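**Student:** Here you go, upload_2.cif (mmCIF, C-alpha atoms):
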```cif
data_upload
#
loop_
_atom_site.label_atom_id
_atom_site.label_comp_id
_atom_site.auth_asym_id
_atom_site.auth_seq_id
_atom_site.Cartn_x
_atom_site.Cartn_y
_atom_site.Cartn_z
CA MET A 1 -34.87 12.00 45.75
CA GLU A 2 -33.84 8.62 44.37
CA ARG A 3 -31.06 6.73 46.09
CA ARG A 4 -28.61 5.30 43.59
CA TYR A 5 -27.23 2.55 45.77
CA THR A 6 -29.26 0.10 47.76
CA PRO A 7 -27.93 -3.21 49.01
CA ARG A 8 -30.58 -4.97 46.97
CA ARG A 9 -29.48 -3.37 43.67
CA GLY A 10 -25.79 -3.68 44.27
CA TYR A 11 -22.87 -1.36 43.84
CA ARG A 12 -21.97 -2.47 40.31
CA GLU A 13 -25.48 -2.10 38.92
CA SER A 14 -25.67 1.40 40.36
CA VAL A 15 -22.32 2.27 38.79
CA ILE A 16 -23.56 0.93 35.44
CA ASP A 17 -26.66 3.14 35.69
CA HIS A 18 -24.53 6.19 36.32
CA ILE A 19 -22.16 5.35 33.43
CA MET A 20 -25.24 5.09 31.20
CA GLU A 21 -26.19 8.63 32.22
CA LEU A 22 -22.69 10.07 31.81
CA LYS A 23 -21.80 8.55 28.43
CA GLN A 24 -25.32 8.10 26.99
CA LEU A 25 -24.71 4.37 26.46
CA ASP A 26 -27.05 1.42 26.55
CA ARG A 27 -26.82 -1.06 29.42
CA ALA A 28 -24.66 -3.60 27.55
CA ALA A 29 -22.09 -1.01 26.47
CA ALA A 30 -21.97 0.53 29.95
CA ARG A 31 -21.54 -2.91 31.51
CA SER A 32 -18.67 -3.80 29.14
CA LEU A 33 -17.01 -0.46 29.92
CA LEU A 34 -17.23 -1.16 33.65
CA VAL A 35 -15.96 -4.72 33.23
CA LYS A 36 -13.02 -3.43 31.19
CA TYR A 37 -11.76 -1.08 33.94
CA TYR A 38 -13.34 -2.49 37.11
CA ARG A 39 -10.38 -4.54 38.33
CA PRO A 40 -7.65 -1.88 38.30
CA LEU A 41 -9.97 0.72 39.81
CA TYR A 42 -11.25 -1.70 42.44
CA ARG A 43 -7.68 -2.61 43.39
CA ASN A 44 -6.87 1.02 44.09
CA TRP A 45 -10.08 2.29 45.69
CA ARG A 46 -12.18 -0.78 46.58
CA HIS A 47 -15.72 0.46 47.13
CA GLU A 48 -14.49 3.54 48.95
CA PRO A 49 -15.83 6.13 46.45
CA ASN A 50 -19.55 6.47 46.16
CA VAL A 51 -21.33 5.24 43.04
CA GLU A 52 -21.13 8.54 41.14
CA ASP A 53 -17.41 9.02 41.84
CA PHE A 54 -16.56 5.44 40.85
CA ALA A 55 -18.50 5.81 37.58
CA GLU A 56 -16.74 9.11 36.86
CA LYS A 57 -13.37 7.44 37.46
CA VAL A 58 -14.30 4.70 34.96
CA VAL A 59 -15.35 7.26 32.34
CA LYS A 60 -12.25 9.38 32.91
CA LEU A 61 -9.97 6.34 32.63
CA ASP A 62 -11.70 5.29 29.40
CA GLU A 63 -11.26 8.78 27.92
CA THR A 64 -7.58 8.74 28.86
CA VAL A 65 -7.03 5.35 27.24
CA GLN A 66 -8.92 6.42 24.09
CA ARG A 67 -6.83 9.61 23.90
CA TYR A 68 -3.62 7.56 24.24
CA TRP A 69 -4.63 5.22 21.42
CA ALA A 70 -5.73 8.15 19.24
CA GLU A 71 -2.22 9.61 19.54
CA GLN A 72 -0.78 6.30 18.35
CA VAL A 73 -2.82 6.47 15.16
CA ASP A 74 -1.48 8.62 12.32
CA ASP A 75 -4.16 9.83 9.87
CA GLY A 76 -6.41 6.92 10.73
CA ILE A 77 -3.72 4.32 10.04
CA MET A 78 -2.03 2.52 12.90
CA ALA A 79 1.74 2.96 12.64
CA VAL A 80 3.02 -0.62 12.74
CA PRO A 81 6.66 -1.40 12.04
CA ILE A 82 7.21 -3.61 9.00
CA PRO A 83 9.27 -6.76 9.58
CA PRO A 84 12.70 -6.65 7.88
CA GLU A 85 11.89 -9.46 5.46
CA GLU A 86 8.90 -7.53 4.09
CA ARG A 87 10.57 -4.10 3.84
CA ALA A 88 12.16 -4.61 0.41
CA GLU A 89 8.88 -5.71 -1.17
CA SER A 90 6.97 -2.91 0.50
CA HIS A 91 9.59 -0.39 -0.64
CA THR A 92 9.32 -1.48 -4.28
CA GLN A 93 5.51 -1.37 -4.09
CA MET A 94 5.67 2.16 -2.70
CA LYS A 95 8.08 3.25 -5.47
CA GLU A 96 5.71 1.84 -8.09
CA PHE A 97 2.73 3.58 -6.52
CA ILE A 98 4.57 6.93 -6.49
CA ARG A 99 5.65 6.48 -10.12
CA GLN A 100 2.07 5.74 -11.21
CA PHE A 101 0.75 8.68 -9.18
CA LYS A 102 3.21 11.07 -10.84
CA GLU A 103 2.28 9.76 -14.28
CA ARG A 104 -1.42 10.34 -13.55
CA GLN A 105 -0.68 13.88 -12.40
CA GLN A 106 1.25 14.62 -15.58
CA GLU A 107 -1.58 13.23 -17.72
CA ASP A 108 -4.09 15.39 -15.86
CA ASN A 109 -1.94 18.51 -16.35
CA GLU A 110 -1.66 17.95 -20.11
#
```
Show me the file's structure as structure tokens.

**Tutor:**
Amino acid sequence: MERRYTPRRGYRESVIDHIMELKQLDRAAARSLLVKYYRPLYRNWRHEPNVEDFAEKVVKLDETVQRYWAEQVDDGIMAVPIPPEERAESHTQMKEFIRQFKERQQEDNE
């Protein structure tokens, strides 16, 4: 049986290896995923969890964040409020688009 953690390999490298197995990522992507969430997880748990548990916490946190951002996106378009100075122009553009769309529909129906 292979030991995942040895002092020579280091805790982080072992976590990266396990993330690679869990998410089927290459080493660079797994390393960037760990770097992205390492600090907040390390603050809470230090190196208390073993390598597998720490990697699972990283993957679970990433899935939670991705789910949160997916809920913020509506039909693939990020809902961003329009500044007040641009609303009038955007409103007239939208009216024009709707008018042209209706005209095309009427032409297709004829």

**Student:** Would you work out the distance separating CA of Leu25 (chain A) from CA of Ala55 (chain A), expressed in Å to one decimal?

**Tutor:**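 CA of Ala55 (chain A) lies 12.8 Å from CA of Leu25 (chain A).
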
**Student:** Applied to the shown file, which residues does the PyMOL selection byres ((chain A and resi 38) around 12) return, written as a ChimeraX atom specification?

**Tutor:** /A:11-12,15-16,30-37,39-47,54-55,57-59,61-62

**Student:** Counting all atoms listed in the file, what is within 9 Å of His18 (chain A), bar same-chain residues fewer than 2 positions away, as a PyMOL selection string?

**Tutor:** chain A and resi 4+13-16+20-23+30+51-52+55-56

**Student:** What is the distance, in Å and to one decimal place, between CA of Lys60 (chain A) and CA of Ile19 (chain A)?

**Tutor:**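 Taking CA of Lys60 (chain A) as the start and CA of Ile19 (chain A) as the end point, the length is 10.7 Å.
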
**Student:** So what do you get for CA of Gln66 (chain A) versus CA of Gln24 (chain A), distance-wise?

**Tutor:**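 Answer for the CA of Gln66 (chain A) to CA of Gln24 (chain A) separation: 16.7 Å.
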
**Student:** Please, can region 29-52 of chain A be completed to N, CA and C atoms and returned as an mmCIF file, in the coordinates of the input?

**Tutor:**
```cif
data_model
loop_
_atom_site.group_PDB
_atom_site.id
_atom_site.type_symbol
_atom_site.label_atom_id
_atom_site.label_comp_id
_atom_site.auth_asym_id
_atom_site.auth_seq_id
_atom_site.Cartn_x
_atom_site.Cartn_y
_atom_site.Cartn_z
ATOM 1 N N ALA A 29 -23.336 -1.751 26.693
ATOM 2 C CA ALA A 29 -22.090 -1.010 26.470
ATOM 3 C C ALA A 29 -21.539 -0.464 27.784
ATOM 4 N N ALA A 30 -22.419 0.017 28.651
ATOM 5 C CA ALA A 30 -21.970 0.530 29.950
ATOM 6 C C ALA A 30 -21.402 -0.605 30.804
ATOM 7 N N ARG A 31 -22.036 -1.769 30.756
ATOM 8 C CA ARG A 31 -21.540 -2.910 31.510
ATOM 9 C C ARG A 31 -20.162 -3.342 30.998
ATOM 10 N N SER A 32 -19.971 -3.391 29.680
ATOM 11 C CA SER A 32 -18.670 -3.800 29.140
ATOM 12 C C SER A 32 -17.595 -2.769 29.483
ATOM 13 N N LEU A 33 -17.955 -1.490 29.527
ATOM 14 C CA LEU A 33 -17.010 -0.460 29.920
ATOM 15 C C LEU A 33 -16.591 -0.638 31.380
ATOM 16 N N LEU A 34 -17.552 -0.930 32.238
ATOM 17 C CA LEU A 34 -17.230 -1.160 33.650
ATOM 18 C C LEU A 34 -16.378 -2.411 33.811
ATOM 19 N N VAL A 35 -16.723 -3.473 33.119
ATOM 20 C CA VAL A 35 -15.960 -4.720 33.230
ATOM 21 C C VAL A 35 -14.520 -4.501 32.778
ATOM 22 N N LYS A 36 -14.348 -3.680 31.744
ATOM 23 C CA LYS A 36 -13.020 -3.430 31.190
ATOM 24 C C LYS A 36 -12.090 -2.770 32.213
ATOM 25 N N TYR A 37 -12.613 -1.844 33.019
ATOM 26 C CA TYR A 37 -11.760 -1.080 33.940
ATOM 27 C C TYR A 37 -12.042 -1.354 35.415
ATOM 28 N N TYR A 38 -12.932 -2.267 35.719
ATOM 29 C CA TYR A 38 -13.340 -2.490 37.110
ATOM 30 C C TYR A 38 -12.183 -2.954 37.979
ATOM 31 N N ARG A 39 -11.433 -3.948 37.498
ATOM 32 C CA ARG A 39 -10.380 -4.540 38.330
ATOM 33 C C ARG A 39 -9.310 -3.552 38.781
ATOM 34 N N PRO A 40 -8.686 -2.801 37.843
ATOM 35 C CA PRO A 40 -7.650 -1.880 38.300
ATOM 36 C C PRO A 40 -8.199 -0.784 39.222
ATOM 37 N N LEU A 41 -9.399 -0.307 38.941
ATOM 38 C CA LEU A 41 -9.970 0.720 39.810
ATOM 39 C C LEU A 41 -10.330 0.134 41.176
ATOM 40 N N TYR A 42 -10.884 -1.066 41.180
ATOM 41 C CA TYR A 42 -11.250 -1.700 42.440
ATOM 42 C C TYR A 42 -10.022 -1.979 43.292
ATOM 43 N N ARG A 43 -8.910 -2.371 42.642
ATOM 44 C CA ARG A 43 -7.680 -2.610 43.390
ATOM 45 C C ARG A 43 -7.209 -1.367 44.125
ATOM 46 N N ASN A 44 -7.341 -0.223 43.480
ATOM 47 C CA ASN A 44 -6.870 1.020 44.090
ATOM 48 C C ASN A 44 -7.830 1.594 45.116
ATOM 49 N N TRP A 45 -9.136 1.591 44.827
ATOM 50 C CA TRP A 45 -10.080 2.290 45.690
ATOM 51 C C TRP A 45 -11.083 1.389 46.379
ATOM 52 N N ARG A 46 -11.132 0.117 46.054
ATOM 53 C CA ARG A 46 -12.180 -0.780 46.580
ATOM 54 C C ARG A 46 -13.544 -0.152 46.325
ATOM 55 N N HIS A 47 -14.424 -0.204 47.274
ATOM 56 C CA HIS A 47 -15.720 0.460 47.130
ATOM 57 C C HIS A 47 -15.751 1.718 47.970
ATOM 58 N N GLU A 48 -14.590 2.322 48.151
ATOM 59 C CA GLU A 48 -14.490 3.540 48.950
ATOM 60 C C GLU A 48 -15.264 4.704 48.329
ATOM 61 N N PRO A 49 -15.055 5.004 47.013
ATOM 62 C CA PRO A 49 -15.830 6.130 46.450
ATOM 63 C C PRO A 49 -17.298 5.741 46.299
ATOM 64 N N ASN A 50 -18.142 6.768 46.367
ATOM 65 C CA ASN A 50 -19.550 6.470 46.160
ATOM 66 C C ASN A 50 -19.788 6.119 44.700
ATOM 67 N N VAL A 51 -20.993 5.747 44.366
ATOM 68 C CA VAL A 51 -21.330 5.240 43.040
ATOM 69 C C VAL A 51 -20.991 6.247 41.953
ATOM 70 N N GLU A 52 -21.364 7.514 42.154
ATOM 71 C CA GLU A 52 -21.130 8.540 41.140
ATOM 72 C C GLU A 52 -19.638 8.746 40.900
#
```
